[in-house]
Amino acid sequence: MPLPSPTSQRVALVIQYLGTHFHGWQRQAHHRSVQAEIENTLADIVQYPVTLYGAGRTDSGVHAAAQVAHFDIDSTIPAHKWASVLNSRLPQDIVIRGSALVPSDWHARFSATWRRYRYTLYTDPCPNLFLRPYSWHYYYQPLNVQWMQAALDPLVGHHHLAAFHRTNSGRPHSWVDVHEATCIQRSTVEAKDSSPVVQIEVQASGFLYGMMRLLVGLLVQVGRGLRSPDSFTELWQAERRDQVKYSAPAKGLCLLRVGYPEFPFSPDVWFDTFPHLMMSSVPSEYCWNPAS
């Protein structure tokens, strides 16, 4: 049996990407994917195929602030240099935040203990071009954040969430450990009234195929008053997948970060690198008063 090459190494990456022009993370035969872009770039550098293993898959149009992946490579390039080497060759909608050497038994997917997603809704009737790529412009009716949070609270724990599990998934079950679920209406210090930006964050051991977008689609019904928080809970507890009819748009969803017992990156590389989208209220002297 041949001995391992002295230059062989397993390299971990923290990756950001704008999902707008990708058909998801996973390599596909006829569509652009994040995995394929990075794998092809690695192959161009070392002149042989390299496989990239991600912490999880994101759907078409979904963004990532700190996706994690690893690859095995035989190269004299130091592990910590791969971030800058790749960034000089990758397209503008992918950035490698950091690269590091990890043990040969460390795995981006199987060593991870949790993932966290954030979904952003923009509720002002007036559209905003700078929020459009990262949010669902939901302006039809105000959303009650307190009702939405009340609906999310019972999700925390070990649950069978088949109601939020899309078909065509290879996962054999729908059990998920949800660690945290929050709904926040962001505002600045200057803004005394409610912000039009609503953000839903869920942290769990893993996520089902389509889980976050189906969950948000149903949660909006609670925010509008079309469904009570108790009805929301009763529906997923009864596994009524047939009653979850709407999936929120992909562009509002971002894989925020992935957690590991031992992680070779400092928090400034991976923790909360997706900006909180906030809108200030307009000063009263600039507001138009039709009665004046």
# chains A, B, ... in the order shown; residues from 1 in each chain; ligands from 1
$ select_by_dssp --residues "range 32-266 of chain A" --states "strand (DSSP E)" --output "JSON, numbers by chain"
{"A": [53, 54, 63, 64, 65, 66, 67, 68, 69, 70, 71, 72, 73, 74, 94, 95, 96, 97, 98, 99, 100, 101, 102, 114, 115, 116, 117, 118, 119, 120, 121, 122, 136, 137, 157, 158, 159, 160, 175, 176, 177, 178, 179, 180, 181, 182, 183, 184, 185, 186, 197, 198, 199, 200, 201, 202, 203, 204, 253, 254, 255, 256, 257, 258, 259]}
$ residues_around --residues "range 232-235 of chain A" --least-positions-apart "6" --cutoff "12 Å" --atoms "only C-alpha atoms" --output "PyMOL selection string"
chain A and resi 147-156+159-164+215-223+225-226+241-244
$ residues_around --residues "range 49-55 of chain A" --least-positions-apart "2" --cutoff "6 Å" --atoms "only C-alpha atoms" --output "list of chain:residue names"
A:Glu39, A:Ala43, A:Val68, A:Ala69, A:His70, A:Phe71, A:Ala108, A:Arg109
$ closest_residue --among "A:Gly56, A:Pro6, A:Gly98, A:Pro133" --to "Asp74 in chain A" --atoms "only C-alpha atoms"
A:Pro6
$ residues_around --residues "His158 in chain A" --least-positions-apart "3" --cutoff "12 Å" --atoms "only C-alpha atoms" --output "list in words"
Pro154, Leu155, Leu161, Ser174, Trp175, Val176, Asp177, Val178, His179, Glu180, Ala204, Ser205, Gly206 and Gln237 of chain A
$ write_last_selection --atoms "C-alpha atoms" --output "PDB file, in the first residue's frame"
ATOM      1  CA  PRO A 154     -43.182  25.260  20.096  1.00  0.00           C
ATOM      2  CA  LEU A 155     -40.819  24.298  17.256  1.00  0.00           C
ATOM      3  CA  LEU A 161     -41.409  18.013  10.750  1.00  0.00           C
ATOM      4  CA  SER A 174     -38.177  14.062   8.966  1.00  0.00           C
ATOM      5  CA  TRP A 175     -36.835  14.258  12.519  1.00  0.00           C
ATOM      6  CA  VAL A 176     -35.074  17.530  13.360  1.00  0.00           C
ATOM      7  CA  ASP A 177     -33.558  18.969  16.544  1.00  0.00           C
ATOM      8  CA  VAL A 178     -34.477  22.669  16.513  1.00  0.00           C
ATOM      9  CA  HIS A 179     -32.256  24.662  18.881  1.00  0.00           C
ATOM     10  CA  GLU A 180     -33.640  28.161  18.361  1.00  0.00           C
ATOM     11  CA  ALA A 204     -31.151  23.216  14.015  1.00  0.00           C
ATOM     12  CA  SER A 205     -29.058  20.068  13.842  1.00  0.00           C
ATOM     13  CA  GLY A 206     -30.006  19.837  10.182  1.00  0.00           C
ATOM     14  CA  GLN A 237     -47.690  18.217  14.762  1.00  0.00           C
TER      15      GLN A 237
END
$ closest_residue --among "A:Asp72, A:Glu262, A:Asp272, A:Asp44" --to "Val85 in chain A" --atoms "only C-alpha atoms"
A:Asp44
$ residues_around --residues "range 11-24 of chain A" --least-positions-apart "5" --cutoff "7 Å" --atoms "only C-alpha atoms" --output "PyMOL selection string"
chain A and resi 31-34+58-72+79+93-102+251+270
$ closest_residue --among "A:Trp82, A:Trp25, A:Trp114, A:Tyr119" --to "Leu277 in chain A" --atoms "only C-alpha atoms"
A:Tyr119
$ closest_residue --among "A:Arg213, A:His107, A:Arg166, A:Arg227" --to "Tyr260 in chain A" --atoms "only C-alpha atoms"
A:His107
$ select_by_dssp --residues "range 59-157 of chain A" --states "helix (DSSP H, G or I)" --output "number ranges by chain"
A: 79-87, 132-134, 145-155
$ closest_residue --among "A:Ser194, A:Thr182, A:Asn87, A:Gln146" --to "Tyr122 in chain A" --atoms "only C-alpha atoms"
A:Ser194
$ closest_residue --among "A:Val46, A:Leu256, A:Ser88, A:Val202" --to "Thr273 in chain A" --atoms "only C-alpha atoms"
A:Leu256
$ atom_distance --atom1 "CA of Ala248 in chain A" --atom2 "CA of Arg118 in chain A"
12.5 Å
